[in-house]
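*Asks:* Below is a structure I'd like to ask you about.
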Amino acid sequence: MGFLSVLTMAHRWVAERAEPGSIVVDATAGGGVDTLFLARTIGPGGHVYAFDVQEAALELTRERLDAEAAAVAAANAQGSERQPASPGRRGGLAPVTLLHAGHERMAELIAPEHHGRVRAVMFNLGYLPAEGSDRDVMTRPETTLGAMNAALGLLAPRGVLTAVVYPGHDGGDLEAAAVGEWTAALPASVAQTVLYRFPQKPDAPYLLALEKR
Ligand SMILES: C[S@@+](CC[C@H](N)C(=O)[O-])C[C@H]1O[C@@H](n2cnc3c(N)ncnc32)[C@H](O)[C@@H]1O
């Protein structure tokens, strides 16, 4: 059967803490997989903020969200023709604010009324894996740690921060180490931290997370 992948485990830890109507953040929108997951998880009553420094990434994310919204509308239209409120009906997505900005600016760009109310912040570090993307545009330890400190301030008590790190990428090893040191140094009175890793694959991505006290 095997253990869950780091990406699936990140989704699980978020889904256990973010509920319908929550405020959540995708700190690295990329291709939009996590943004879509967040928008589905919290539903129309919540709000997702998604950051990326690349317009191309935000465009991919927008396309993914639009495709899902169209699929939901089509499924619901079909369901209401056959039988209103059939079990096959699919829930809607949360509104998503796409921000063409570095995640290190999240405290400035997230609405003040949402500060201290954020239930989850997801980071998936590194570069955009899409075909033809510029792999020199990647997350960097200085800005990543600034963003994580900001995220900690924005989280609600028992809110979660997840970070998938890539020790096998050029530069990713230093970033993974920096994030690991940062999580290890957090006082237990501030947050509980956890590491999910496959020790037989030292170069494979792994997951660090924290739950705010
Ligand atoms: C591994 S990808 C994210 C994958 C994404 N979570 C998904 O589900 O498809 C990393 C992304 O981080 C973005 N990035 C790099 N530096 C950033 C920064 N300072 N703030 C926000 N995003 C950044 C890159 O442009 C890239 O799209």
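Chain labels follow the order of the structure tokens: the first chain is A, the next B, and so on; residue numbering restarts at 1 in every chain, and ligands are counted from 1 in their shown order.
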Using only C-alpha atoms and all ligand atoms, determine which residues fall within 9 Å of ligand 1, then list them as a PyMOL selection string.
*Replies:* chain A and resi 7+26-37+50-58+60-61+99-105+122-130+133-135+137-140+143-144+147+164-166
*Asks:* Apply DSSP to the structure's backbone, then extract all residues of segment 65-184 of chain A labelled alpha helix (DSSP H) and return them as a PyMOL selection string.
*Replies:* chain A and resi 65-82+106-109+141-154+172-184
*Asks:* Would you put the residues from that selection into a file with C-alpha atoms, as a compact mmCIF listing (two decimals), in the first residue's frame?
*Replies:*
# COMPACT_ATOMS: atom_id res chain seq x y z
CA LEU A 65 -9.87 27.07 -11.21
CA ASP A 66 -11.99 28.09 -14.22
CA ALA A 67 -12.00 24.49 -15.54
CA GLU A 68 -13.15 23.19 -12.16
CA ALA A 69 -15.83 25.89 -11.81
CA ALA A 70 -17.15 24.98 -15.29
CA ALA A 71 -17.16 21.26 -14.41
CA VAL A 72 -19.03 21.95 -11.15
CA ALA A 73 -21.62 24.11 -12.98
CA ALA A 74 -22.11 21.42 -15.66
CA ALA A 75 -22.46 18.62 -13.09
CA ASN A 76 -24.95 20.64 -11.07
CA ALA A 77 -26.98 21.60 -14.16
CA GLN A 78 -27.16 17.95 -15.17
CA GLY A 79 -28.08 16.94 -11.61
CA SER A 80 -30.90 19.48 -11.38
CA GLU A 81 -32.35 18.30 -14.72
CA ARG A 82 -32.47 14.71 -13.51
CA MET A 106 1.56 38.40 2.80
CA ALA A 107 1.06 40.42 6.00
CA GLU A 108 0.71 43.58 3.89
CA LEU A 109 -1.55 42.05 1.20
CA PRO A 141 15.63 31.01 1.90
CA GLU A 142 15.62 34.70 2.89
CA THR A 143 12.19 35.46 1.47
CA THR A 144 10.82 32.02 2.37
CA LEU A 145 11.72 32.47 6.05
CA GLY A 146 10.33 36.03 6.03
CA ALA A 147 7.08 34.66 4.61
CA MET A 148 6.92 31.84 7.14
CA ASN A 149 7.37 34.28 10.02
CA ALA A 150 4.60 36.42 8.54
CA ALA A 151 2.39 33.35 8.11
CA LEU A 152 2.87 32.41 11.74
CA GLY A 153 1.55 35.84 12.72
CA LEU A 154 -1.49 35.48 10.44
CA GLY A 172 16.85 23.49 -2.61
CA ASP A 173 19.16 21.73 -0.16
CA LEU A 174 20.12 25.02 1.52
CA GLU A 175 16.52 26.17 1.59
CA ALA A 176 15.36 22.84 3.06
CA ALA A 177 18.03 23.11 5.76
CA ALA A 178 17.06 26.72 6.55
CA VAL A 179 13.37 25.83 6.89
CA GLY A 180 14.29 22.81 9.03
CA GLU A 181 16.39 24.95 11.37
CA TRP A 182 13.64 27.56 11.60
CA THR A 183 10.98 24.96 12.54
CA ALA A 184 13.31 23.25 15.02
*Asks:* Which residue out of A:Ala111, A:Val96, A:Val160, A:Ala191 has the minimum interatomic distance to Arg12 of chain A when only C-alpha atoms are used?
*Replies:*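 So, comparing all the options, the nearest one is A:Val160.
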*Asks:* Would you list the contacts of segment 41-47 of chain A as a PDB file with N, CA and C atoms, in the first residue's frame, taking every protein, DNA or RNA residue within 10 Å and counting only C-alpha atoms, but skipping same-chain residues closer than 4 positions in sequence?
*Replies:*
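After the write, selection_26.pdb holds the following:
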ATOM      1  N   HIS A  11      -1.981  17.840   2.133  1.00  0.00           N
ATOM      2  CA  HIS A  11      -3.421  18.080   1.950  1.00  0.00           C
ATOM      3  C   HIS A  11      -4.203  17.521   3.146  1.00  0.00           C
ATOM      4  N   VAL A  14      -3.900  19.754   6.175  1.00  0.00           N
ATOM      5  CA  VAL A  14      -4.684  20.987   5.990  1.00  0.00           C
ATOM      6  C   VAL A  14      -6.177  20.679   6.122  1.00  0.00           C
ATOM      7  N   ALA A  15      -6.622  19.603   5.467  1.00  0.00           N
ATOM      8  CA  ALA A  15      -8.058  19.274   5.474  1.00  0.00           C
ATOM      9  C   ALA A  15      -8.560  18.993   6.894  1.00  0.00           C
ATOM     10  N   GLU A  16      -7.657  18.525   7.761  1.00  0.00           N
ATOM     11  CA  GLU A  16      -8.070  18.247   9.146  1.00  0.00           C
ATOM     12  C   GLU A  16      -8.259  19.532   9.954  1.00  0.00           C
ATOM     13  N   ALA A  18      -8.660  22.994   8.241  1.00  0.00           N
ATOM     14  CA  ALA A  18      -9.411  24.034   7.532  1.00  0.00           C
ATOM     15  C   ALA A  18     -10.808  23.489   7.262  1.00  0.00           C
ATOM     16  N   GLU A  19     -11.807  24.265   7.578  1.00  0.00           N
ATOM     17  CA  GLU A  19     -13.181  23.777   7.416  1.00  0.00           C
ATOM     18  C   GLU A  19     -13.921  24.701   6.464  1.00  0.00           C
ATOM     19  N   PRO A  20     -15.128  24.322   6.040  1.00  0.00           N
ATOM     20  CA  PRO A  20     -15.882  25.214   5.165  1.00  0.00           C
ATOM     21  C   PRO A  20     -15.984  26.610   5.786  1.00  0.00           C
ATOM     22  N   GLY A  21     -15.706  27.611   4.970  1.00  0.00           N
ATOM     23  CA  GLY A  21     -15.775  28.992   5.448  1.00  0.00           C
ATOM     24  C   GLY A  21     -14.447  29.549   5.949  1.00  0.00           C
ATOM     25  N   SER A  22     -13.390  28.732   5.953  1.00  0.00           N
ATOM     26  CA  SER A  22     -12.097  29.195   6.473  1.00  0.00           C
ATOM     27  C   SER A  22     -11.410  30.185   5.523  1.00  0.00           C
ATOM     28  N   ILE A  23     -10.455  30.908   6.095  1.00  0.00           N
ATOM     29  CA  ILE A  23      -9.528  31.747   5.331  1.00  0.00           C
ATOM     30  C   ILE A  23      -8.221  30.958   5.229  1.00  0.00           C
ATOM     31  N   VAL A  24      -7.692  30.805   4.005  1.00  0.00           N
ATOM     32  CA  VAL A  24      -6.469  30.010   3.802  1.00  0.00           C
ATOM     33  C   VAL A  24      -5.577  30.687   2.762  1.00  0.00           C
ATOM     34  N   VAL A  25      -4.310  30.261   2.740  1.00  0.00           N
ATOM     35  CA  VAL A  25      -3.327  30.889   1.858  1.00  0.00           C
ATOM     36  C   VAL A  25      -2.529  29.817   1.123  1.00  0.00           C
ATOM     37  N   THR A  35      -3.922  25.415  -4.764  1.00  0.00           N
ATOM     38  CA  THR A  35      -4.962  26.462  -4.702  1.00  0.00           C
ATOM     39  C   THR A  35      -6.331  25.833  -4.925  1.00  0.00           C
ATOM     40  N   LEU A  36      -6.430  24.945  -5.909  1.00  0.00           N
ATOM     41  CA  LEU A  36      -7.710  24.291  -6.188  1.00  0.00           C
ATOM     42  C   LEU A  36      -8.130  23.415  -5.007  1.00  0.00           C
ATOM     43  N   PHE A  37      -7.187  22.678  -4.465  1.00  0.00           N
ATOM     44  CA  PHE A  37      -7.498  21.851  -3.285  1.00  0.00           C
ATOM     45  C   PHE A  37      -8.057  22.725  -2.152  1.00  0.00           C
ATOM     46  N   GLY A  91     -19.880  20.441  -4.816  1.00  0.00           N
ATOM     47  CA  GLY A  91     -19.829  21.719  -4.117  1.00  0.00           C
ATOM     48  C   GLY A  91     -19.056  22.748  -4.907  1.00  0.00           C
ATOM     49  N   GLY A  92     -19.312  24.014  -4.643  1.00  0.00           N
ATOM     50  CA  GLY A  92     -18.618  25.097  -5.348  1.00  0.00           C
ATOM     51  C   GLY A  92     -17.272  25.396  -4.724  1.00  0.00           C
ATOM     52  N   LEU A  93     -16.567  26.293  -5.376  1.00  0.00           N
ATOM     53  CA  LEU A  93     -15.234  26.677  -4.920  1.00  0.00           C
ATOM     54  C   LEU A  93     -15.302  27.980  -4.120  1.00  0.00           C
ATOM     55  N   ALA A  94     -14.312  28.165  -3.277  1.00  0.00           N
ATOM     56  CA  ALA A  94     -14.160  29.444  -2.571  1.00  0.00           C
ATOM     57  C   ALA A  94     -13.693  30.507  -3.558  1.00  0.00           C
ATOM     58  N   PRO A  95     -14.031  31.770  -3.312  1.00  0.00           N
ATOM     59  CA  PRO A  95     -13.403  32.831  -4.094  1.00  0.00           C
ATOM     60  C   PRO A  95     -11.892  32.836  -3.834  1.00  0.00           C
ATOM     61  N   VAL A  96     -11.135  33.106  -4.885  1.00  0.00           N
ATOM     62  CA  VAL A  96      -9.667  33.086  -4.773  1.00  0.00           C
ATOM     63  C   VAL A  96      -9.116  34.450  -5.194  1.00  0.00           C
ATOM     64  N   THR A  97      -8.304  35.061  -4.348  1.00  0.00           N
ATOM     65  CA  THR A  97      -7.581  36.285  -4.713  1.00  0.00           C
ATOM     66  C   THR A  97      -6.193  35.869  -5.175  1.00  0.00           C
ATOM     67  N   HIS A 114      -8.593  39.573   8.246  1.00  0.00           N
ATOM     68  CA  HIS A 114      -8.283  38.142   8.205  1.00  0.00           C
ATOM     69  C   HIS A 114      -7.034  37.788   9.029  1.00  0.00           C
ATOM     70  N   VAL A 118      -6.405  32.995   9.853  1.00  0.00           N
ATOM     71  CA  VAL A 118      -6.030  32.082   8.758  1.00  0.00           C
ATOM     72  C   VAL A 118      -5.880  30.657   9.308  1.00  0.00           C
ATOM     73  N   ARG A 119      -6.546  29.692   8.661  1.00  0.00           N
ATOM     74  CA  ARG A 119      -6.534  28.319   9.167  1.00  0.00           C
ATOM     75  C   ARG A 119      -5.404  27.481   8.567  1.00  0.00           C
TER      76      ARG A 119
END
*Asks:* Measure the distance from atom CA of Val121 of chain A to atom CA of Arg62 of chain A in Å and round it to one decimal.
*Replies:*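 Spanning atom CA of Val121 of chain A to atom CA of Arg62 of chain A is a straight-line distance of 18.9 Å.
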*Asks:* Suppose you want the space between atom CA of Pro167 of chain A and atom CA of Met9 of chain A; what is it in Å?
*Replies:*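 For atom CA of Pro167 of chain A relative to atom CA of Met9 of chain A, the distance reads 17.9 Å.
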*Asks:* In Å, how far is it from atom CA of Val6 of chain A to atom CA of Thr162 of chain A?
*Replies:* 10.1 Å
*Asks:* Check the DSSP output for the backbone and give back, as a ChimeraX atom specification, the residues of segment 14-88 of chain A in strand (DSSP E or B).
*Replies:* /A:23-26,47-52
*Asks:* Output C-alpha atoms for every residue in the selection just made, as a PDB file, in the first residue's frame.
*Replies:*
ATOM      1  CA  ILE A  23      -9.528  31.747   5.331  1.00  0.00           C
ATOM      2  CA  VAL A  24      -6.469  30.010   3.802  1.00  0.00           C
ATOM      3  CA  VAL A  25      -3.327  30.889   1.858  1.00  0.00           C
ATOM      4  CA  ASP A  26      -1.401  29.207  -0.963  1.00  0.00           C
ATOM      5  CA  HIS A  47     -11.522  32.747   0.956  1.00  0.00           C
ATOM      6  CA  VAL A  48      -8.207  31.694  -0.609  1.00  0.00           C
ATOM      7  CA  TYR A  49      -5.249  34.021  -1.119  1.00  0.00           C
ATOM      8  CA  ALA A  50      -2.740  32.639  -3.659  1.00  0.00           C
ATOM      9  CA  PHE A  51       0.684  34.209  -4.221  1.00  0.00           C
ATOM     10  CA  ASP A  52       3.191  33.770  -7.012  1.00  0.00           C
TER      11      ASP A  52
END
